[in-house]
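**Q** Handing over start_1.cif, mmCIF, C-alpha atoms.
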```
data_final
#
loop_
_atom_site.label_atom_id
_atom_site.label_comp_id
_atom_site.auth_asym_id
_atom_site.auth_seq_id
_atom_site.Cartn_x
_atom_site.Cartn_y
_atom_site.Cartn_z
CA MET A 1 -45.51 59.04 227.14
CA LYS A 2 -43.88 56.90 224.46
CA PRO A 3 -45.05 53.26 224.24
CA SER A 4 -42.44 50.74 225.30
CA ILE A 5 -42.18 47.07 226.14
CA SER A 6 -41.64 45.99 229.73
CA GLU A 7 -38.23 45.26 231.21
CA GLN A 8 -39.20 41.60 231.50
CA GLN A 9 -40.10 41.44 227.81
CA LEU A 10 -36.73 42.96 226.97
CA GLN A 11 -34.97 40.33 229.07
CA GLN A 12 -36.93 37.62 227.28
CA GLN A 13 -35.76 39.00 223.95
CA VAL A 14 -32.16 39.06 225.19
CA ALA A 15 -32.51 35.40 226.15
CA THR A 16 -33.52 34.52 222.59
CA LEU A 17 -30.46 36.11 220.99
CA PRO A 18 -28.26 33.60 219.14
CA THR A 19 -24.95 32.90 220.90
CA GLU A 20 -23.28 32.21 217.57
CA ILE A 21 -23.26 34.14 214.31
CA GLU A 22 -21.68 32.76 211.15
CA PRO A 23 -19.36 35.22 209.41
CA GLN A 24 -20.20 35.79 205.76
CA ARG A 25 -16.71 35.03 204.43
CA ASP A 26 -14.11 32.42 205.30
CA LEU A 27 -11.94 34.10 207.90
CA TRP A 28 -9.58 31.16 208.34
CA LEU A 29 -7.72 31.83 205.07
CA GLY A 30 -6.52 35.21 206.34
CA ILE A 31 -5.69 33.82 209.78
CA GLU A 32 -3.70 30.95 208.29
CA LYS A 33 -1.80 33.35 206.05
CA ALA A 34 -0.98 35.63 208.96
CA ILE A 35 0.23 32.89 211.30
CA ASN A 36 2.37 31.32 208.59
CA HIS A 37 3.78 34.66 207.46
CA PRO A 38 3.88 36.91 210.53
CA SER A 39 5.13 39.80 208.39
CA VAL A 40 1.90 40.00 206.36
CA PRO A 41 0.39 43.41 207.12
CA ASN A 42 -3.19 43.72 208.31
CA SER A 43 -4.53 45.04 205.03
CA ASN A 44 -3.35 41.93 203.19
CA ARG A 45 -5.61 39.60 205.15
CA ARG A 46 -8.58 40.44 203.00
CA ASN A 47 -8.73 38.37 199.88
CA SER A 48 -10.78 40.74 197.80
CA TYR A 49 -8.05 43.03 196.46
CA GLN A 50 -7.19 42.50 192.81
CA PRO A 51 -4.29 44.85 192.01
CA THR A 52 -4.14 44.26 188.26
CA LEU A 53 -5.94 47.15 186.58
CA THR A 54 -4.11 49.86 184.72
CA TRP A 55 -3.19 53.35 185.80
CA ALA A 56 -5.18 54.81 182.91
CA ALA A 57 -8.41 53.29 184.15
CA ALA A 58 -7.59 54.47 187.65
CA ILE A 59 -7.12 58.06 186.49
CA ILE A 60 -10.37 58.03 184.52
CA LEU A 61 -12.23 56.68 187.51
CA ALA A 62 -10.61 59.26 189.78
CA ILE A 63 -11.72 62.08 187.48
CA PHE A 64 -15.20 60.64 187.35
CA SER A 65 -15.34 60.36 191.14
CA SER A 66 -14.13 63.95 191.57
CA TRP A 67 -16.67 65.20 189.07
CA TYR A 68 -19.44 63.42 190.91
CA VAL A 69 -18.52 64.76 194.31
CA TRP A 70 -18.48 68.36 193.14
CA SER A 71 -21.43 68.07 190.79
CA PRO A 72 -24.46 70.08 192.09
CA ASN A 73 -27.04 67.61 190.63
CA PRO A 74 -25.78 64.07 190.88
CA THR A 75 -27.67 61.68 188.63
CA ALA A 76 -25.71 58.46 188.94
CA SER A 77 -26.43 55.81 191.53
CA THR A 78 -24.58 57.04 194.61
CA PRO A 79 -23.78 53.75 196.40
CA SER A 80 -21.68 52.79 193.40
CA ILE A 81 -19.75 56.04 193.66
CA ALA A 82 -18.33 55.06 197.04
CA GLN A 83 -17.47 51.67 195.58
CA ILE A 84 -15.82 53.25 192.54
CA MET A 85 -13.84 55.57 194.80
CA ARG A 86 -12.71 52.61 196.84
CA GLN A 87 -11.76 50.56 193.75
CA THR A 88 -9.92 53.51 192.27
CA PHE A 89 -8.04 54.06 195.46
CA GLU A 90 -7.08 50.38 195.73
CA GLN A 91 -5.82 50.43 192.16
CA GLN A 92 -3.82 53.59 192.76
CA LYS A 93 -2.38 52.19 195.95
CA GLN A 94 -1.44 48.87 194.39
CA GLY A 95 -0.02 50.67 191.37
CA LEU A 96 2.07 52.81 193.69
CA LEU A 97 3.32 49.83 195.66
CA THR A 98 4.04 47.89 192.46
CA SER A 99 6.06 50.82 191.11
CA TYR A 100 8.25 50.42 194.20
CA GLY A 101 8.80 46.76 193.36
CA GLN A 102 6.02 45.27 195.55
CA ALA A 103 7.14 47.22 198.58
CA ASN A 104 6.63 45.48 201.91
CA THR A 105 4.86 47.89 204.27
CA GLN A 106 5.86 45.63 207.16
CA LEU A 107 9.43 46.88 206.80
CA LEU A 108 8.35 50.43 207.63
CA PRO A 109 8.89 51.86 211.11
CA ASN A 110 6.17 50.90 213.61
CA LEU A 111 4.82 54.44 213.90
CA MET A 112 4.30 54.68 210.16
CA GLN A 113 2.68 51.26 210.00
CA GLN A 114 0.36 52.43 212.76
CA GLN A 115 -0.50 55.59 210.80
CA LEU A 116 -1.33 53.54 207.72
CA LYS A 117 -3.50 51.21 209.77
CA GLU A 118 -5.33 54.12 211.35
CA LEU A 119 -5.94 55.72 207.96
CA GLU A 120 -7.44 52.45 206.73
CA SER A 121 -9.60 52.32 209.81
CA ALA A 122 -10.85 55.87 209.23
CA GLN A 123 -11.73 55.04 205.62
CA HIS A 124 -13.56 51.98 206.77
CA THR A 125 -15.73 54.03 209.15
CA ILE A 126 -16.56 56.56 206.45
CA LEU A 127 -17.49 53.80 203.98
CA ASN A 128 -19.84 52.36 206.57
CA ALA A 129 -21.45 55.73 207.10
CA LEU A 130 -21.85 56.06 203.32
CA LYS A 131 -23.85 52.84 203.25
CA THR A 132 -26.62 54.63 205.12
CA GLN A 133 -26.12 58.11 203.60
CA PRO A 134 -24.81 57.42 200.11
CA GLN A 135 -25.60 60.93 198.87
CA ASN A 136 -23.77 62.74 201.64
CA ALA A 137 -21.22 64.85 199.76
CA ASP A 138 -19.35 65.67 203.00
CA LEU A 139 -18.77 61.99 203.64
CA LEU A 140 -17.61 61.44 200.06
CA ASN A 141 -15.19 64.34 200.49
CA LEU A 142 -13.93 62.92 203.77
CA LEU A 143 -13.39 59.58 202.09
CA ARG A 144 -11.44 61.16 199.26
CA PHE A 145 -9.38 63.16 201.75
CA THR A 146 -8.35 60.09 203.75
CA GLN A 147 -7.53 58.17 200.57
CA GLN A 148 -5.33 61.03 199.36
CA GLN A 149 -3.61 61.17 202.74
CA GLU A 150 -2.79 57.48 202.59
CA LEU A 151 -1.41 57.74 199.04
CA LYS A 152 0.66 60.78 200.05
CA LEU A 153 2.01 58.95 203.06
CA LEU A 154 2.94 55.89 200.99
CA ALA A 155 4.59 58.08 198.37
CA GLN A 156 6.64 59.85 201.04
CA LEU A 157 7.63 56.68 202.80
CA TYR A 158 8.92 54.98 199.71
CA GLN A 159 10.58 58.01 198.16
CA PRO A 160 14.19 57.08 197.39
CA THR A 161 16.69 58.51 199.85
CA TRP A 162 18.43 60.60 197.22
CA GLN A 163 15.16 62.36 196.43
CA LYS A 164 14.68 63.27 200.09
CA ILE A 165 18.14 64.86 200.13
CA MET B 1 -24.10 9.25 234.24
CA SER B 2 -26.21 11.06 231.61
CA GLN B 3 -25.40 11.03 227.91
CA ASP B 4 -25.12 14.83 227.92
CA HIS B 5 -22.54 14.71 230.67
CA VAL B 6 -20.48 12.11 228.80
CA THR B 7 -20.64 14.16 225.60
CA SER B 8 -19.69 17.33 227.44
CA THR B 9 -16.72 15.65 229.18
CA PHE B 10 -15.57 14.17 225.88
CA GLU B 11 -15.76 17.61 224.21
CA GLN B 12 -13.79 19.19 227.04
CA GLU B 13 -11.10 16.54 226.81
CA GLN B 14 -11.02 16.92 223.04
CA GLU B 15 -10.66 20.69 223.37
CA GLN B 16 -7.94 20.25 225.95
CA ARG B 17 -6.04 18.00 223.55
CA TRP B 18 -6.38 20.51 220.73
CA ILE B 19 -5.08 23.28 222.99
CA GLN B 20 -2.01 21.26 223.93
CA LEU B 21 -1.32 20.33 220.31
CA ALA B 22 -1.82 23.92 219.17
CA GLN B 23 0.53 25.14 221.92
CA ALA B 24 3.11 22.80 220.40
CA GLY B 25 2.57 24.47 217.00
CA ASP B 26 0.00 22.13 215.42
CA GLN B 27 -2.07 24.26 213.05
CA GLN B 28 -4.63 21.53 212.39
CA ALA B 29 -5.45 21.50 216.10
CA PHE B 30 -5.65 25.28 216.10
CA PHE B 31 -8.03 25.10 213.15
CA ALA B 32 -10.20 22.72 215.17
CA LEU B 33 -10.25 25.28 218.01
CA TYR B 34 -11.16 27.97 215.49
CA GLN B 35 -14.01 25.85 214.14
CA LEU B 36 -15.27 25.31 217.66
CA HIS B 37 -15.25 28.95 218.74
CA HIS B 38 -15.19 31.35 215.79
CA LYS B 39 -18.95 31.85 215.55
CA LYS B 40 -19.14 32.90 219.21
CA VAL B 41 -16.16 35.21 218.76
CA TYR B 42 -17.70 36.71 215.64
CA ALA B 43 -21.05 37.23 217.39
CA LEU B 44 -19.38 39.19 220.19
CA CYS B 45 -17.33 41.25 217.71
CA TRP B 46 -20.39 41.97 215.59
CA ARG B 47 -22.45 43.11 218.56
CA LEU B 48 -19.71 45.31 220.02
CA LEU B 49 -18.70 46.86 216.72
CA ALA B 50 -22.11 46.89 214.96
CA ASP B 51 -20.38 46.43 211.65
CA LYS B 52 -19.78 43.32 209.55
CA ASP B 53 -16.41 44.26 208.06
CA SER B 54 -14.93 45.44 211.35
CA ALA B 55 -16.23 42.31 213.07
CA GLU B 56 -14.56 40.11 210.45
CA ASP B 57 -11.24 41.95 210.78
CA VAL B 58 -11.28 41.85 214.58
CA CYS B 59 -12.33 38.20 214.63
CA GLN B 60 -9.25 37.39 212.54
CA GLU B 61 -7.09 39.55 214.79
CA VAL B 62 -8.38 37.67 217.84
CA PHE B 63 -7.34 34.27 216.49
CA ILE B 64 -3.96 35.57 215.36
CA GLN B 65 -3.35 36.97 218.85
CA VAL B 66 -4.53 33.72 220.41
CA TRP B 67 -2.10 31.76 218.23
CA GLN B 68 0.76 34.08 219.17
CA ASN B 69 -0.03 33.93 222.89
CA LEU B 70 -1.30 30.40 223.22
CA THR B 71 1.73 29.27 225.20
CA LYS B 72 0.78 31.83 227.87
CA PHE B 73 -2.55 30.08 228.41
CA ARG B 74 -1.97 27.82 231.41
CA GLY B 75 -5.50 26.53 231.86
CA ASP B 76 -6.18 28.45 235.10
CA SER B 77 -9.49 29.51 233.55
CA LYS B 78 -11.56 27.89 230.80
CA PHE B 79 -10.22 28.43 227.28
CA SER B 80 -13.56 29.96 226.26
CA THR B 81 -13.28 32.50 229.11
CA TRP B 82 -9.76 33.45 228.06
CA LEU B 83 -10.85 33.70 224.41
CA HIS B 84 -13.81 35.86 225.41
CA SER B 85 -11.50 38.24 227.24
CA VAL B 86 -9.13 38.50 224.27
CA THR B 87 -12.10 39.15 221.98
CA SER B 88 -13.63 41.94 224.04
CA ASN B 89 -10.22 43.60 224.46
CA CYS B 90 -9.52 43.46 220.72
CA ALA B 91 -12.95 44.83 219.83
CA LEU B 92 -12.76 47.68 222.34
CA SER B 93 -9.24 48.52 221.21
CA HIS B 94 -10.51 48.66 217.62
CA LEU B 95 -13.26 51.08 218.63
CA ARG B 96 -10.78 53.32 220.48
CA LYS B 97 -8.36 53.44 217.54
CA GLN B 98 -11.16 54.27 215.14
CA LYS B 99 -12.43 57.14 217.27
CA HIS B 100 -8.92 58.40 217.97
CA TRP B 101 -8.14 58.72 214.29
CA LEU B 102 -11.41 60.33 213.37
CA LYS B 103 -10.75 62.98 216.00
CA ARG B 104 -7.21 63.57 214.80
CA ILE B 105 -8.15 63.95 211.15
CA PHE B 106 -11.49 65.67 211.32
CA ASN B 107 -13.11 68.21 213.57
CA SER B 108 -15.71 67.15 216.11
CA GLU B 109 -18.67 68.11 213.90
CA ASP B 110 -17.43 65.82 211.14
CA VAL B 111 -17.01 62.98 213.61
CA LEU B 112 -20.56 63.49 214.88
CA ALA B 113 -21.83 63.52 211.29
CA ILE B 114 -20.09 60.23 210.55
CA GLN B 115 -21.30 58.62 213.75
CA SER B 116 -24.91 59.77 213.39
CA ALA B 117 -24.92 58.63 209.76
CA SER B 118 -24.14 55.14 211.03
CA GLU B 119 -27.23 55.14 213.24
CA SER B 120 -30.11 54.86 210.80
CA ASP B 121 -33.43 53.07 210.48
CA GLU B 122 -32.24 50.79 207.69
CA PRO B 123 -32.57 47.05 208.43
CA VAL B 124 -29.31 45.49 209.58
CA TYR B 125 -27.96 42.46 207.74
CA ILE B 126 -25.28 39.94 208.64
CA GLY B 127 -24.22 38.78 205.23
CA SER B 128 -27.41 38.05 203.33
CA LYS B 129 -29.43 37.22 206.45
CA GLN B 130 -31.40 39.85 208.31
CA ALA B 131 -30.20 40.05 211.91
CA HIS B 132 -32.33 39.10 214.93
CA GLN B 133 -34.80 41.90 215.68
CA LEU B 134 -33.09 42.82 218.94
CA ASP B 135 -29.64 42.67 217.32
CA GLN B 136 -30.87 45.13 214.71
CA HIS B 137 -31.81 47.61 217.40
CA ILE B 138 -28.64 47.02 219.42
CA ALA B 139 -26.61 47.88 216.32
CA LYS B 140 -28.38 51.25 216.16
CA LEU B 141 -27.68 52.24 219.77
CA PRO B 142 -25.15 55.01 220.43
CA GLU B 143 -21.71 53.45 220.74
CA ARG B 144 -21.14 53.65 224.51
CA ALA B 145 -24.68 52.57 225.34
CA ARG B 146 -24.35 49.67 222.90
CA VAL B 147 -21.05 48.43 224.31
CA VAL B 148 -22.27 48.64 227.91
CA PHE B 149 -25.54 46.88 227.05
CA VAL B 150 -23.77 44.06 225.19
CA LEU B 151 -21.23 43.50 227.96
CA PHE B 152 -23.72 43.75 230.83
CA ALA B 153 -26.99 42.32 229.53
CA ILE B 154 -25.70 39.76 227.03
CA GLU B 155 -22.21 38.82 228.16
CA GLY B 156 -22.84 39.01 231.91
CA TYR B 157 -20.06 41.42 232.93
CA ARG B 158 -20.52 43.47 236.12
CA HIS B 159 -20.60 47.27 235.94
CA GLU B 160 -17.33 47.37 237.91
CA GLU B 161 -15.64 45.24 235.24
CA ILE B 162 -17.16 47.28 232.43
CA SER B 163 -16.06 50.55 234.00
CA GLN B 164 -12.47 49.26 234.08
CA LYS B 165 -12.58 48.01 230.51
CA LEU B 166 -14.06 51.23 229.19
CA ASN B 167 -12.21 53.55 231.55
CA MET B 168 -15.41 55.14 232.82
CA ALA B 169 -17.06 55.56 236.23
CA VAL B 170 -19.30 52.76 237.48
CA GLY B 171 -22.17 55.24 237.59
CA THR B 172 -21.60 56.12 233.95
CA SER B 173 -21.74 52.46 232.99
CA LYS B 174 -25.05 52.10 234.85
CA ALA B 175 -26.42 55.27 233.23
CA GLN B 176 -25.44 54.06 229.76
CA TYR B 177 -27.11 50.72 230.45
CA HIS B 178 -30.34 52.43 231.47
CA ARG B 179 -30.15 54.64 228.40
CA ALA B 180 -29.73 51.57 226.19
CA LYS B 181 -32.62 49.78 227.88
CA SER B 182 -34.96 52.76 227.50
CA LEU B 183 -34.15 53.13 223.82
CA LEU B 184 -34.51 49.42 223.11
CA ARG B 185 -37.79 49.14 225.01
CA ALA B 186 -39.23 52.05 223.02
CA TRP B 187 -37.91 50.79 219.66
CA LEU B 188 -39.16 47.24 220.25
CA ALA B 189 -42.66 48.55 221.04
CA VAL B 190 -43.05 50.01 217.54
#
```
What's the structure tokens form of this structure?

**A**
Amino acid sequence: MKPSISEQQLQQQVATLPTEIEPQRDLWLGIEKAINHPSVPNSNRRNSYQPTLTWAAAIILAIFSSWYVWSPNPTASTPSIAQIMRQTFEQQKQGLLTSYGQANTQLLPNLMQQQLKELESAQHTILNALKTQPQNADLLNLLRFTQQQELKLLAQLYQPTWQKI
Amino acid sequence: MSQDHVTSTFEQEQEQRWIQLAQAGDQQAFFALYQLHHKKVYALCWRLLADKDSAEDVCQEVFIQVWQNLTKFRGDSKFSTWLHSVTSNCALSHLRKQKHWLKRIFNSEDVLAIQSASESDEPVYIGSKQAHQLDQHIAKLPERARVVFVLFAIEGYRHEEISQKLNMAVGTSKAQYHRAKSLLRAWLAV
């Protein structure tokens, strides 16, 4: 039989849990932005995106990320690979949106906005899983797949009408 | 009249004033409400979602929804009760959306791989601080057991309420609670 604490001891531990936890970052900035500009999409509430790097750097990083994922003997530090993939993706995405003249995703139909949100959510889950299994090639592949899907979706959505015809 | 009672009454009146001002569109008053409640909201989000980034996003979503729906709050219940309900609904909705998309994009084995990868023995941090020992173990519980445990044991919901929120049978809620308790009791003994 496995050792375990008593039910009473568990209840005592529950009673000692803090009722408040301080978030690590200032959440008010994003809230204030959203309530002043109701059209700001969800993804813009984070303040950490810096969409200023070049396409060239993005492509080099993408190649590096792809090489790492398919490499049989990875030697680099794996947690940074997920970060690099994320940075690369953000740069590609921002580059794509910039090329459409700072497109406003809020103007898209609701269903498409929902799809974009859900793709972001899926990526978020995979990134969390990668924190605990940074060398899991399947997870890295899943991350890359969802990022590609989001870029494809954005490219399709903002394709000029004449190109669709 | 005790000093505590006076302080508490003053705080309630203060809060009531902020609510009225915020309902009239005063953002400073809404910020005061945020300052008063955001740590409790974040704690609930963090426990239900077991993830810092998701908890931050949902905590923001909660206050945006509260701002948008503040005029609907008529004071029939306490503001904190109403806020608590909005928070748990937002967090559970976030979990459902996340799972829904994983299932649509990937096959069930991939989803299981992602979910099991999230349940590890690594210490859990909230920012740079290591979480309370029990919180660390709660974060590692399987999702349904975690949500039921948080709502029942920490937040004081009844199994009937939980079963409605999670769209599950009352018996399932009770079973998940017992599962959570057994796991936590064993983990805390180590």

**Q** Residues near Gln11 (chain A), anyone? I mean within 12 Å using only C-alpha atoms, not counting same-chain ones fewer than 2 positions away, as an MDAnalysis selection string.

**A** (chainID A and resid 5:9 13:17) or (chainID B and resid 134 149 152:154 181 184:185 188)

**Q** Once the PyMOL selection byres ((chain B and resi 80-95) around 7) has been evaluated on this model, what residues remain selected, and can you format them as a PyMOL selection string?

**A** chain B and resi 41+45+48-49+58+62+77-79+96-99

**Q** Carefully work through the PyMOL selection byres ((chain A) within 8 of (chain B)) for this structure and note down the residues it includes, as a VMD selection string.

**A** chain A and resid 2 to 7 10 13 to 14 17 19 to 24 27 to 28 30 to 31 34 to 35 118 to 119 121 to 122 125 to 126 128 to 130 132 to 133 139

**Q** At what distance in Å, to one decimal, does CA of Gln91 (chain A) lie from CA of Arg144 (chain A)?

**A** 14.0 Å

**Q** So the first atom is CA of Pro109 (chain A) and the second is CA of Arg86 (chain A); what is the distance between them in Å, to one decimal place?

**A**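 Computing it gives 25.9 Å between the two atoms.
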
**Q** Expressed in Å to a single decimal, how great is the separation between CA of Arg25 (chain A) and CA of Glu120 (chain A)?

**A**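 Between CA of Arg25 (chain A) and CA of Glu120 (chain A) the gap works out to 19.9 Å.
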
**Q** The PyMOL selection byres ((chain B and resi 163) around 12) - which residues does that actually catch in the file I just gave you? List them as a ChimeraX atom specification.

**A** /B:144,147-148,151-152,157-162,164-177

**Q** Would you put the residues from that selection into a file with C-alpha atoms, as a PDB file, in the frame of the given file?

**A**
```
ATOM      1  CA  ARG B 144     -21.140  53.650 224.510  1.00  0.00           C
ATOM      2  CA  VAL B 147     -21.050  48.430 224.310  1.00  0.00           C
ATOM      3  CA  VAL B 148     -22.270  48.640 227.910  1.00  0.00           C
ATOM      4  CA  LEU B 151     -21.230  43.500 227.960  1.00  0.00           C
ATOM      5  CA  PHE B 152     -23.720  43.750 230.830  1.00  0.00           C
ATOM      6  CA  TYR B 157     -20.060  41.420 232.930  1.00  0.00           C
ATOM      7  CA  ARG B 158     -20.520  43.470 236.120  1.00  0.00           C
ATOM      8  CA  HIS B 159     -20.600  47.270 235.940  1.00  0.00           C
ATOM      9  CA  GLU B 160     -17.330  47.370 237.910  1.00  0.00           C
ATOM     10  CA  GLU B 161     -15.640  45.240 235.240  1.00  0.00           C
ATOM     11  CA  ILE B 162     -17.160  47.280 232.430  1.00  0.00           C
ATOM     12  CA  GLN B 164     -12.470  49.260 234.080  1.00  0.00           C
ATOM     13  CA  LYS B 165     -12.580  48.010 230.510  1.00  0.00           C
ATOM     14  CA  LEU B 166     -14.060  51.230 229.190  1.00  0.00           C
ATOM     15  CA  ASN B 167     -12.210  53.550 231.550  1.00  0.00           C
ATOM     16  CA  MET B 168     -15.410  55.140 232.820  1.00  0.00           C
ATOM     17  CA  ALA B 169     -17.060  55.560 236.230  1.00  0.00           C
ATOM     18  CA  VAL B 170     -19.300  52.760 237.480  1.00  0.00           C
ATOM     19  CA  GLY B 171     -22.170  55.240 237.590  1.00  0.00           C
ATOM     20  CA  THR B 172     -21.600  56.120 233.950  1.00  0.00           C
ATOM     21  CA  SER B 173     -21.740  52.460 232.990  1.00  0.00           C
ATOM     22  CA  LYS B 174     -25.050  52.100 234.850  1.00  0.00           C
ATOM     23  CA  ALA B 175     -26.420  55.270 233.230  1.00  0.00           C
ATOM     24  CA  GLN B 176     -25.440  54.060 229.760  1.00  0.00           C
ATOM     25  CA  TYR B 177     -27.110  50.720 230.450  1.00  0.00           C
TER      26      TYR B 177
END
```

**Q** In the coordinates of the file, take the point (0.2, 55.6, 206.1) and a cut-off of 7 Å; then, counting all atoms listed in the file, name each qualifying protein, DNA or RNA residue as a ChimeraX atom specification.

**A** /A:112-113,115-117,119,150,153-154

**Q** As a PDB file, in the frame of the given file, could you write out region 136-153 of chain A once it has been completed with N, CA, C and O atoms?

**A**
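Saved to part17.pdb:
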```pdb
ATOM      1  N   ASN A 136     -24.366  61.713 200.800  1.00  0.00           N
ATOM      2  CA  ASN A 136     -23.770  62.740 201.640  1.00  0.00           C
ATOM      3  C   ASN A 136     -22.423  63.172 201.053  1.00  0.00           C
ATOM      4  O   ASN A 136     -21.423  62.463 201.132  1.00  0.00           O
ATOM      5  N   ALA A 137     -22.432  64.365 200.445  1.00  0.00           N
ATOM      6  CA  ALA A 137     -21.220  64.850 199.760  1.00  0.00           C
ATOM      7  C   ALA A 137     -20.072  65.070 200.740  1.00  0.00           C
ATOM      8  O   ALA A 137     -18.907  64.888 200.393  1.00  0.00           O
ATOM      9  N   ASP A 138     -20.416  65.466 201.997  1.00  0.00           N
ATOM     10  CA  ASP A 138     -19.350  65.670 203.000  1.00  0.00           C
ATOM     11  C   ASP A 138     -18.615  64.370 203.277  1.00  0.00           C
ATOM     12  O   ASP A 138     -17.387  64.333 203.371  1.00  0.00           O
ATOM     13  N   LEU A 139     -19.395  63.296 203.384  1.00  0.00           N
ATOM     14  CA  LEU A 139     -18.770  61.990 203.640  1.00  0.00           C
ATOM     15  C   LEU A 139     -17.899  61.563 202.460  1.00  0.00           C
ATOM     16  O   LEU A 139     -16.804  61.036 202.638  1.00  0.00           O
ATOM     17  N   LEU A 140     -18.404  61.808 201.251  1.00  0.00           N
ATOM     18  CA  LEU A 140     -17.610  61.440 200.060  1.00  0.00           C
ATOM     19  C   LEU A 140     -16.304  62.247 200.041  1.00  0.00           C
ATOM     20  O   LEU A 140     -15.244  61.727 199.696  1.00  0.00           O
ATOM     21  N   ASN A 141     -16.407  63.513 200.442  1.00  0.00           N
ATOM     22  CA  ASN A 141     -15.190  64.340 200.490  1.00  0.00           C
ATOM     23  C   ASN A 141     -14.222  63.837 201.555  1.00  0.00           C
ATOM     24  O   ASN A 141     -13.012  63.807 201.340  1.00  0.00           O
ATOM     25  N   LEU A 142     -14.783  63.452 202.702  1.00  0.00           N
ATOM     26  CA  LEU A 142     -13.930  62.920 203.770  1.00  0.00           C
ATOM     27  C   LEU A 142     -13.233  61.646 203.313  1.00  0.00           C
ATOM     28  O   LEU A 142     -12.052  61.438 203.590  1.00  0.00           O
ATOM     29  N   LEU A 143     -13.980  60.821 202.583  1.00  0.00           N
ATOM     30  CA  LEU A 143     -13.390  59.580 202.090  1.00  0.00           C
ATOM     31  C   LEU A 143     -12.231  59.891 201.140  1.00  0.00           C
ATOM     32  O   LEU A 143     -11.144  59.327 201.251  1.00  0.00           O
ATOM     33  N   ARG A 144     -12.490  60.812 200.228  1.00  0.00           N
ATOM     34  CA  ARG A 144     -11.440  61.160 199.260  1.00  0.00           C
ATOM     35  C   ARG A 144     -10.220  61.729 199.972  1.00  0.00           C
ATOM     36  O   ARG A 144      -9.074  61.429 199.652  1.00  0.00           O
ATOM     37  N   PHE A 145     -10.473  62.543 200.995  1.00  0.00           N
ATOM     38  CA  PHE A 145      -9.380  63.160 201.750  1.00  0.00           C
ATOM     39  C   PHE A 145      -8.502  62.102 202.413  1.00  0.00           C
ATOM     40  O   PHE A 145      -7.272  62.137 202.316  1.00  0.00           O
ATOM     41  N   THR A 146      -9.142  61.129 203.060  1.00  0.00           N
ATOM     42  CA  THR A 146      -8.350  60.090 203.750  1.00  0.00           C
ATOM     43  C   THR A 146      -7.589  59.231 202.749  1.00  0.00           C
ATOM     44  O   THR A 146      -6.456  58.826 203.004  1.00  0.00           O
ATOM     45  N   GLN A 147      -8.223  58.972 201.592  1.00  0.00           N
ATOM     46  CA  GLN A 147      -7.530  58.170 200.570  1.00  0.00           C
ATOM     47  C   GLN A 147      -6.300  58.928 200.061  1.00  0.00           C
ATOM     48  O   GLN A 147      -5.219  58.348 199.895  1.00  0.00           O
ATOM     49  N   GLN A 148      -6.470  60.225 199.837  1.00  0.00           N
ATOM     50  CA  GLN A 148      -5.330  61.030 199.360  1.00  0.00           C
ATOM     51  C   GLN A 148      -4.209  61.045 200.390  1.00  0.00           C
ATOM     52  O   GLN A 148      -3.036  60.955 200.052  1.00  0.00           O
ATOM     53  N   GLN A 149      -4.620  61.141 201.680  1.00  0.00           N
ATOM     54  CA  GLN A 149      -3.610  61.170 202.740  1.00  0.00           C
ATOM     55  C   GLN A 149      -2.796  59.873 202.759  1.00  0.00           C
ATOM     56  O   GLN A 149      -1.584  59.893 202.927  1.00  0.00           O
ATOM     57  N   GLU A 150      -3.500  58.762 202.559  1.00  0.00           N
ATOM     58  CA  GLU A 150      -2.790  57.480 202.590  1.00  0.00           C
ATOM     59  C   GLU A 150      -1.833  57.366 201.409  1.00  0.00           C
ATOM     60  O   GLU A 150      -0.697  56.916 201.566  1.00  0.00           O
ATOM     61  N   LEU A 151      -2.292  57.798 200.229  1.00  0.00           N
ATOM     62  CA  LEU A 151      -1.410  57.740 199.040  1.00  0.00           C
ATOM     63  C   LEU A 151      -0.198  58.647 199.236  1.00  0.00           C
ATOM     64  O   LEU A 151       0.933  58.282 198.903  1.00  0.00           O
ATOM     65  N   LYS A 152      -0.442  59.838 199.806  1.00  0.00           N
ATOM     66  CA  LYS A 152       0.660  60.780 200.050  1.00  0.00           C
ATOM     67  C   LYS A 152       1.680  60.167 201.003  1.00  0.00           C
ATOM     68  O   LYS A 152       2.884  60.254 200.812  1.00  0.00           O
ATOM     69  N   LEU A 153       1.136  59.550 202.054  1.00  0.00           N
ATOM     70  CA  LEU A 153       2.010  58.950 203.060  1.00  0.00           C
ATOM     71  C   LEU A 153       2.854  57.831 202.445  1.00  0.00           C
ATOM     72  O   LEU A 153       4.068  57.776 202.644  1.00  0.00           O
TER      73      LEU A 153
END
```
